[in-house]
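Peer 1: Quick one: this structure, given as structure tokens, is what I'll be asking you about.
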Amino acid sequence: SFCTLLSAAMLRCTVQRCTRLRGFAGAGMTNLQRWSSTQPAPQDDSSDAEIARLEREAAEEAADRAALRRYGMYGVGAVVLGAWAWWCNGYANAMYGRKDDGSVKTAMISRGKPSLGGPFTLVGTDGVPVSQAEFLGQWTFFYFGFVHCPEICPVELNRMTKVVDAVREKNGQKIKPMFVSCDPKRDSLDAIEEYLSVFHPDFVGLVGTPRLVDEVCKSYRIYYSLPDPEAAKTDDYLIDHSIAIFLFDPQGRFVDFFGNRFDEHEMTEKVMTYMSNYDADPEWTNY
């Protein structure tokens with residue numbers, strides 16, 4: 001019948017479609033297997049090479065972090081140090097300096113004058129006691145040293161000699177040069193007189209007992225070292241002492257000191273400037 005023929009035809013179409021689907025599925029599986037065979041085998045994350053690489057990366061990262069922290073601390077320290085230096089500079093200017101002609105000068109007038117010098121009594125090379133009061137009314141140079149000094153003292157005494165002569169030649173004023181021995185154990189009166197004879201004829205040599213010499217050195221802020229007992233027995237020793245030439249005005253007031261960075265020409269100009277200021281106003285002081 002017609003219904004039977006229709007059912008048979010539909011059944012044949014269904015069988016053919018299923019056959020084609022199975023063919024497609026088989027071909028797909030074959031292609032999948034073929035593609036899978038061409039892919040590389042998965043790597044093992046736990047292999048030694050991978051672990052070593054990860055360890056290197058971790059170590060490099062830790063080193064970078066440590067360097068960052070270290071340089072960060074350096075930067076903070078530099079900022080703090082710079083701020084501290086800036087504050088100290090401002091504080092020093094506020095406390096000890098003033099602006100006059102564009103430069104910062106030490107404000108000695110407002111702070112007071114240095115406590116240096118004062119009365120003393122020593123012995124001259126003629127054996128007569130000498131006091132500080134005997135030199136009032138004239139400009140004076142003071143230098144502390146010792147006769148056996150091999151180099152420094154002769155240079156300084158020669159510098160004093162040249163300045164004394166130069167000032168006298170230029171403005172006619174006299175400066176009394178004085179030498180105080182800080183080695184009373186070896187420096188006799190005769191030794192001091194002979195030692196000074198090769199320098200200026202106006203030199204006054206002074207010495208005293210160890211106690212008196214020590215008191216004068218302290219009053220004039222002079223440092224000097226005493227030899228140890230063993231060296232003192234041999235009389236072959238050197239004395240380390242302050243190297244400075246002190247200038248005092250006719251009233252016995254401290255004016256200035258000259259270290260070895262000043263040559264005789266610079267000293268002469270400074271001394272004459274001080275003398276001019278004093279002549280214009282006897283109450284003038286450098287401090």
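Residue numbering restarts at 1 in every chain; chains get A, B, ... in the order shown in the structure tokens, and ligands count up from 1 in that same order.
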DSSP on the backbone, then: every residue of range 47-272 of chain A marked strand (DSSP E), written as an MDAnalysis selection string.
Peer 2: chainID A and resid 97:99 104:106 121:124 129:131 139:145 175:181 204:207 245:248 254:258
Peer 1: Which distance in Å separates CA of Tyr223 in chain A and CA of Tyr143 in chain A, to one decimal?
Peer 2: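 Going from CA of Tyr223 in chain A over to CA of Tyr143 in chain A covers 12.2 Å.
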Peer 1: Distance CA of Trp284 in chain A-CA of Val255 in chain A, one decimal place?
Peer 2: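 Separation between CA of Trp284 in chain A and CA of Val255 in chain A: 10.0 Å.
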Peer 1: Find the distance between CA of Ser276 in chain A and CA of Tyr220 in chain A and write it in Å to one decimal.
Peer 2: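 Between CA of Ser276 in chain A and CA of Tyr220 in chain A the gap is 25.0 Å.
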Peer 1: Give me the range 180-208 of chain A side of the contact with range 151-167 of chain A, cut-off 10 Å, one line per residue showing its nearest atom pair and distance in Å at one decimal, counting only C-alpha atoms, sorted by chain and residue number, as JSON lines.
Peer 2:
{"residue": "A:Tyr195", "atom": "CA", "partner": "A:Pro154", "partner_atom": "CA", "distance": 9.3}
{"residue": "A:Leu196", "atom": "CA", "partner": "A:Leu157", "partner_atom": "CA", "distance": 8.5}
{"residue": "A:Val198", "atom": "CA", "partner": "A:Asn158", "partner_atom": "CA", "distance": 9.0}
{"residue": "A:Phe199", "atom": "CA", "partner": "A:Asn158", "partner_atom": "CA", "distance": 6.3}
{"residue": "A:His200", "atom": "CA", "partner": "A:Thr161", "partner_atom": "CA", "distance": 5.3}
{"residue": "A:Pro201", "atom": "CA", "partner": "A:Thr161", "partner_atom": "CA", "distance": 9.0}
{"residue": "A:Asp202", "atom": "CA", "partner": "A:Thr161", "partner_atom": "CA", "distance": 9.1}
{"residue": "A:Phe203", "atom": "CA", "partner": "A:Thr161", "partner_atom": "CA", "distance": 8.7}
Peer 1: Could you write those residues out with N, CA, C and O atoms, as a PDB file, in the first residue's frame?
Peer 2:
ATOM      1  N   TYR A 195     121.030  83.792  71.790  1.00  0.00           N
ATOM      2  CA  TYR A 195     120.091  83.336  70.761  1.00  0.00           C
ATOM      3  C   TYR A 195     119.425  84.521  70.068  1.00  0.00           C
ATOM      4  O   TYR A 195     119.288  84.557  68.835  1.00  0.00           O
ATOM      5  N   LEU A 196     118.994  85.527  70.823  1.00  0.00           N
ATOM      6  CA  LEU A 196     118.271  86.668  70.261  1.00  0.00           C
ATOM      7  C   LEU A 196     119.195  87.669  69.574  1.00  0.00           C
ATOM      8  O   LEU A 196     118.718  88.518  68.815  1.00  0.00           O
ATOM      9  N   VAL A 198     121.086  87.408  67.130  1.00  0.00           N
ATOM     10  CA  VAL A 198     121.144  87.301  65.668  1.00  0.00           C
ATOM     11  C   VAL A 198     119.879  87.853  65.018  1.00  0.00           C
ATOM     12  O   VAL A 198     119.787  87.895  63.776  1.00  0.00           O
ATOM     13  N   PHE A 199     118.910  88.280  65.830  1.00  0.00           N
ATOM     14  CA  PHE A 199     117.683  88.844  65.289  1.00  0.00           C
ATOM     15  C   PHE A 199     117.666  90.353  65.545  1.00  0.00           C
ATOM     16  O   PHE A 199     118.687  91.010  65.367  1.00  0.00           O
ATOM     17  N   HIS A 200     116.559  90.913  65.949  1.00  0.00           N
ATOM     18  CA  HIS A 200     116.474  92.366  66.123  1.00  0.00           C
ATOM     19  C   HIS A 200     117.168  92.805  67.420  1.00  0.00           C
ATOM     20  O   HIS A 200     117.013  92.143  68.455  1.00  0.00           O
ATOM     21  N   PRO A 201     117.887  93.915  67.386  1.00  0.00           N
ATOM     22  CA  PRO A 201     118.591  94.359  68.606  1.00  0.00           C
ATOM     23  C   PRO A 201     117.649  94.797  69.724  1.00  0.00           C
ATOM     24  O   PRO A 201     118.070  94.882  70.883  1.00  0.00           O
ATOM     25  N   ASP A 202     116.388  95.092  69.394  1.00  0.00           N
ATOM     26  CA  ASP A 202     115.428  95.518  70.416  1.00  0.00           C
ATOM     27  C   ASP A 202     114.736  94.354  71.119  1.00  0.00           C
ATOM     28  O   ASP A 202     113.896  94.588  71.996  1.00  0.00           O
ATOM     29  N   PHE A 203     115.072  93.130  70.740  1.00  0.00           N
ATOM     30  CA  PHE A 203     114.400  91.984  71.351  1.00  0.00           C
ATOM     31  C   PHE A 203     114.628  91.964  72.858  1.00  0.00           C
ATOM     32  O   PHE A 203     115.742  92.190  73.342  1.00  0.00           O
TER      33      PHE A 203
END
Peer 1: Which of these residues is nearest to Met267 in chain A, using only C-alpha atoms: A:Asp183, A:Gly77, A:Leu247, A:Asn286?
Peer 2: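 Closest candidate: A:Leu247.
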Peer 1: Identify, on the basis of only C-alpha atoms, every residue whose closest approach to Ile239 in chain A does not exceed 10 Å; exclude the query and any residue fewer than 6 positions from it along the same chain; express the result as a count of residues only.
Peer 2: 10
Peer 1: Please provide as a PyMOL selection string all residues within 12 Å of Leu212 in chain A, with the sequence filter that same-chain residues fewer than 6 positions apart are discarded (counting only C-alpha atoms).
Peer 2: chain A and resi 119-123+129+131+180-184+206+218-219
Peer 1: Using only C-alpha atoms, can you tell me which of A:Thr234, A:Gln251, A:Ser47, A:Ser197 comes closest to Gly118 in chain A?
Peer 2: A:Gln251
Peer 1: So that I can see what lies close to Gly205 in chain A, please list as a list of chain:residue names the residues with an atom at most 6 Å from it, counting only C-alpha atoms and leaving out residues fewer than 6 positions away in the same chain.
Peer 2: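 The neighbour list is A:Gly124, A:Thr125, A:Phe179.
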Peer 1: Which is closer to Val207 in chain A than all the others in A:Ile243, A:Val128, A:Ala231, A:Val271, using only C-alpha atoms?
Peer 2: A:Val128
